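**Q** Right, I'll just put the structure down here and ask away after.
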Amino acid sequence: MQRVMLRAKLHRVTVTEADLEYEGSCGIDEDLLDAADMREFERIELYNINNGERFSTYIIKAARGSGAISLNGAAARKAHVGDLLIICTYGPMSESDAKTFIPKVILVDDKNKIKEIKKITI
């Protein structure tokens, strides 16, 4: 049996841009992608802390070191610039892998710069 488990999350990132006319996706600073082991075009789940919206899209790379978190296309209707998001990736794992896997949590400051990389422990 496979379980779908949390792999990584970007915790409390701030939306820096929302562009309704762009053709979809979420731009994320490459530094954050590397830290969370997220990849361009990977599916992500987003949770808006400000309004409770929950939605999914895919990743595109934003400039390294920019602190960018941009919502594009339809996703731009789900958050405003300045809103706080949790962005997660999930993946299938065997029962044995799921028992030992520890997700990464990337904590950021108010400019979306990495403050700390944590592993979730119970």
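The way I read the labels, and the way they are meant: chains A, B, ... in the order of the structure tokens, residue 1 as the first residue of every chain, and ligand 1 as the first ligand shown, with later ones counted on from there.
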Skipping near chain neighbours, those fewer than 5 positions away, what residues fall within 10 Å of range 69-81 of chain A using only C-alpha atoms, listed as a PDB file with N, CA and C atoms, in the first residue's frame?

**A**
ATOM      1  N   VAL A  13       4.901  31.994   3.954  1.00  0.00           N
ATOM      2  CA  VAL A  13       5.500  32.869   2.944  1.00  0.00           C
ATOM      3  C   VAL A  13       4.501  33.967   2.603  1.00  0.00           C
ATOM      4  N   THR A  14       5.018  35.107   2.180  1.00  0.00           N
ATOM      5  CA  THR A  14       4.183  36.266   1.856  1.00  0.00           C
ATOM      6  C   THR A  14       4.030  36.388   0.343  1.00  0.00           C
ATOM      7  N   VAL A  15       2.796  36.545  -0.110  1.00  0.00           N
ATOM      8  CA  VAL A  15       2.531  36.754  -1.534  1.00  0.00           C
ATOM      9  C   VAL A  15       3.105  38.112  -1.937  1.00  0.00           C
ATOM     10  N   THR A  16       3.963  38.111  -2.969  1.00  0.00           N
ATOM     11  CA  THR A  16       4.589  39.347  -3.435  1.00  0.00           C
ATOM     12  C   THR A  16       3.971  39.870  -4.728  1.00  0.00           C
ATOM     13  N   GLU A  17       3.229  39.004  -5.433  1.00  0.00           N
ATOM     14  CA  GLU A  17       2.625  39.410  -6.703  1.00  0.00           C
ATOM     15  C   GLU A  17       1.432  38.519  -6.999  1.00  0.00           C
ATOM     16  N   ALA A  18       0.401  39.098  -7.605  1.00  0.00           N
ATOM     17  CA  ALA A  18      -0.763  38.350  -8.077  1.00  0.00           C
ATOM     18  C   ALA A  18      -1.125  38.902  -9.453  1.00  0.00           C
ATOM     19  N   ASP A  19      -1.005  38.056 -10.478  1.00  0.00           N
ATOM     20  CA  ASP A  19      -1.194  38.495 -11.862  1.00  0.00           C
ATOM     21  C   ASP A  19      -2.255  37.639 -12.529  1.00  0.00           C
ATOM     22  N   LEU A  20      -3.477  38.154 -12.582  1.00  0.00           N
ATOM     23  CA  LEU A  20      -4.605  37.425 -13.143  1.00  0.00           C
ATOM     24  C   LEU A  20      -4.421  37.128 -14.633  1.00  0.00           C
ATOM     25  N   GLU A  21      -3.696  37.964 -15.348  1.00  0.00           N
ATOM     26  CA  GLU A  21      -3.550  37.810 -16.795  1.00  0.00           C
ATOM     27  C   GLU A  21      -2.468  36.811 -17.198  1.00  0.00           C
ATOM     28  N   TYR A  22      -1.646  36.357 -16.261  1.00  0.00           N
ATOM     29  CA  TYR A  22      -0.614  35.366 -16.571  1.00  0.00           C
ATOM     30  C   TYR A  22      -1.278  34.008 -16.736  1.00  0.00           C
ATOM     31  N   GLU A  23      -0.642  33.092 -17.428  1.00  0.00           N
ATOM     32  CA  GLU A  23      -1.263  31.808 -17.761  1.00  0.00           C
ATOM     33  C   GLU A  23      -1.102  30.740 -16.680  1.00  0.00           C
ATOM     34  N   GLY A  24      -1.293  31.076 -15.447  1.00  0.00           N
ATOM     35  CA  GLY A  24      -1.340  30.071 -14.390  1.00  0.00           C
ATOM     36  C   GLY A  24      -0.016  29.829 -13.701  1.00  0.00           C
ATOM     37  N   SER A  25      -0.079  29.168 -12.566  1.00  0.00           N
ATOM     38  CA  SER A  25       1.070  28.707 -11.790  1.00  0.00           C
ATOM     39  C   SER A  25       1.401  29.594 -10.603  1.00  0.00           C
ATOM     40  N   CYS A  26       2.453  29.190  -9.891  1.00  0.00           N
ATOM     41  CA  CYS A  26       2.947  29.938  -8.732  1.00  0.00           C
ATOM     42  C   CYS A  26       4.458  30.060  -8.868  1.00  0.00           C
ATOM     43  N   GLY A  27       4.936  31.290  -8.977  1.00  0.00           N
ATOM     44  CA  GLY A  27       6.374  31.527  -9.027  1.00  0.00           C
ATOM     45  C   GLY A  27       6.947  31.529  -7.621  1.00  0.00           C
ATOM     46  N   ILE A  28       8.031  30.777  -7.425  1.00  0.00           N
ATOM     47  CA  ILE A  28       8.669  30.665  -6.114  1.00  0.00           C
ATOM     48  C   ILE A  28      10.169  30.881  -6.278  1.00  0.00           C
ATOM     49  N   ASP A  29      10.735  31.739  -5.440  1.00  0.00           N
ATOM     50  CA  ASP A  29      12.178  32.006  -5.406  1.00  0.00           C
ATOM     51  C   ASP A  29      12.947  30.681  -5.421  1.00  0.00           C
ATOM     52  N   LEU A  32      14.167  29.122  -2.160  1.00  0.00           N
ATOM     53  CA  LEU A  32      13.156  28.388  -1.400  1.00  0.00           C
ATOM     54  C   LEU A  32      12.913  27.012  -2.008  1.00  0.00           C
ATOM     55  N   LEU A  46      -1.711  24.924  -1.777  1.00  0.00           N
ATOM     56  CA  LEU A  46      -1.509  26.210  -1.114  1.00  0.00           C
ATOM     57  C   LEU A  46      -2.658  26.472  -0.154  1.00  0.00           C
ATOM     58  N   TYR A  47      -2.319  26.988   1.019  1.00  0.00           N
ATOM     59  CA  TYR A  47      -3.292  27.283   2.059  1.00  0.00           C
ATOM     60  C   TYR A  47      -3.107  28.742   2.463  1.00  0.00           C
ATOM     61  N   ASN A  48      -4.140  29.547   2.236  1.00  0.00           N
ATOM     62  CA  ASN A  48      -4.067  30.975   2.538  1.00  0.00           C
ATOM     63  C   ASN A  48      -4.447  31.181   4.002  1.00  0.00           C
ATOM     64  N   ILE A  49      -3.501  31.617   4.801  1.00  0.00           N
ATOM     65  CA  ILE A  49      -3.724  31.838   6.225  1.00  0.00           C
ATOM     66  C   ILE A  49      -4.704  32.990   6.457  1.00  0.00           C
ATOM     67  N   ASN A  50      -4.696  33.992   5.584  1.00  0.00           N
ATOM     68  CA  ASN A  50      -5.536  35.170   5.776  1.00  0.00           C
ATOM     69  C   ASN A  50      -7.021  34.917   5.538  1.00  0.00           C
ATOM     70  N   ASN A  51      -7.355  34.113   4.515  1.00  0.00           N
ATOM     71  CA  ASN A  51      -8.772  33.961   4.174  1.00  0.00           C
ATOM     72  C   ASN A  51      -9.274  32.516   4.173  1.00  0.00           C
ATOM     73  N   GLY A  52      -8.396  31.562   4.456  1.00  0.00           N
ATOM     74  CA  GLY A  52      -8.817  30.165   4.525  1.00  0.00           C
ATOM     75  C   GLY A  52      -8.900  29.442   3.193  1.00  0.00           C
ATOM     76  N   GLU A  53      -8.636  30.130   2.083  1.00  0.00           N
ATOM     77  CA  GLU A  53      -8.666  29.475   0.766  1.00  0.00           C
ATOM     78  C   GLU A  53      -7.631  28.348   0.702  1.00  0.00           C
ATOM     79  N   ARG A  54      -8.019  27.270   0.045  1.00  0.00           N
ATOM     80  CA  ARG A  54      -7.120  26.143  -0.196  1.00  0.00           C
ATOM     81  C   ARG A  54      -7.210  25.843  -1.690  1.00  0.00           C
ATOM     82  N   PHE A  55      -6.056  25.761  -2.368  1.00  0.00           N
ATOM     83  CA  PHE A  55      -6.063  25.549  -3.808  1.00  0.00           C
ATOM     84  C   PHE A  55      -4.770  24.886  -4.248  1.00  0.00           C
ATOM     85  N   SER A  56      -4.749  24.429  -5.479  1.00  0.00           N
ATOM     86  CA  SER A  56      -3.550  23.781  -6.005  1.00  0.00           C
ATOM     87  C   SER A  56      -3.185  24.391  -7.348  1.00  0.00           C
ATOM     88  N   THR A  57      -1.896  24.299  -7.665  1.00  0.00           N
ATOM     89  CA  THR A  57      -1.369  24.723  -8.955  1.00  0.00           C
ATOM     90  C   THR A  57      -0.012  24.033  -9.111  1.00  0.00           C
ATOM     91  N   ILE A  59       4.455  24.726  -9.799  1.00  0.00           N
ATOM     92  CA  ILE A  59       5.559  25.659  -9.544  1.00  0.00           C
ATOM     93  C   ILE A  59       6.207  26.116 -10.848  1.00  0.00           C
ATOM     94  N   ILE A  60       6.539  27.408 -10.892  1.00  0.00           N
ATOM     95  CA  ILE A  60       7.522  27.901 -11.849  1.00  0.00           C
ATOM     96  C   ILE A  60       8.604  28.607 -11.036  1.00  0.00           C
ATOM     97  N   LYS A  61       9.808  28.605 -11.568  1.00  0.00           N
ATOM     98  CA  LYS A  61      10.921  29.237 -10.872  1.00  0.00           C
ATOM     99  C   LYS A  61      10.805  30.755 -10.943  1.00  0.00           C
ATOM    100  N   ALA A  62      11.083  31.388  -9.793  1.00  0.00           N
ATOM    101  CA  ALA A  62      11.242  32.846  -9.753  1.00  0.00           C
ATOM    102  C   ALA A  62      12.716  33.116  -9.467  1.00  0.00           C
ATOM    103  N   ASN A 112      10.472  36.746   2.848  1.00  0.00           N
ATOM    104  CA  ASN A 112      10.576  35.396   2.282  1.00  0.00           C
ATOM    105  C   ASN A 112      12.017  34.900   2.182  1.00  0.00           C
TER     106      ASN A 112
END

**Q** Fewer than 6 positions away in the same chain doesn't count, so skip those; otherwise give me all residues within 12 Å of Lys115 in chain A, counting only C-alpha atoms, as JSON, numbers by chain.

**A** {"A": [10, 11, 12, 13, 31, 32, 35, 105, 106, 107, 108, 109]}

**Q** Identify all residues of range 23-63 of chain A in alpha helix (DSSP H) (DSSP on the backbone) and supply them as a list in words.

**A**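 Going through range 23-63 of chain A, the alpha helix (DSSP H) residues come out as Glu30, Asp31, Leu32, Leu33, Asp34, Ala35 and Ala36 of chain A.
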
**Q** Write the residues of the selection above to a file with C-alpha atoms, as a PDB file, in the first residue's frame.

**A**
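Written output follows (part_21.pdb):
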ATOM      1  CA  GLU A  30      14.724  29.341  -6.420  1.00  0.00           C
ATOM      2  CA  ASP A  31      16.408  29.552  -2.995  1.00  0.00           C
ATOM      3  CA  LEU A  32      13.156  28.388  -1.400  1.00  0.00           C
ATOM      4  CA  LEU A  33      12.712  25.640  -4.000  1.00  0.00           C
ATOM      5  CA  ASP A  34      16.193  24.291  -3.316  1.00  0.00           C
ATOM      6  CA  ALA A  35      15.747  24.410   0.460  1.00  0.00           C
ATOM      7  CA  ALA A  36      12.432  22.523   0.273  1.00  0.00           C
TER       8      ALA A  36
END

**Q** Any idea what the distance is between CA of Ile87 in chain A and CA of Arg7 in chain A?

**A**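 Separating CA of Ile87 in chain A from CA of Arg7 in chain A is a distance of 11.0 Å.
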
**Q** With DSSP run on the backbone, what are the strand (DSSP E or B) residues within range 11-105 of chain A? I'd like them as a PyMOL selection string.

**A** chain A and resi 11-14+17-19+25-29+43-48+54-62+69-72+84-94+104-105

**Q** CA of Arg3 in chain A and CA of Thr100 in chain A, how far apart in Å?

**A**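 Straight-line distance from CA of Thr100 in chain A to CA of Arg3 in chain A works out to 12.7 Å.
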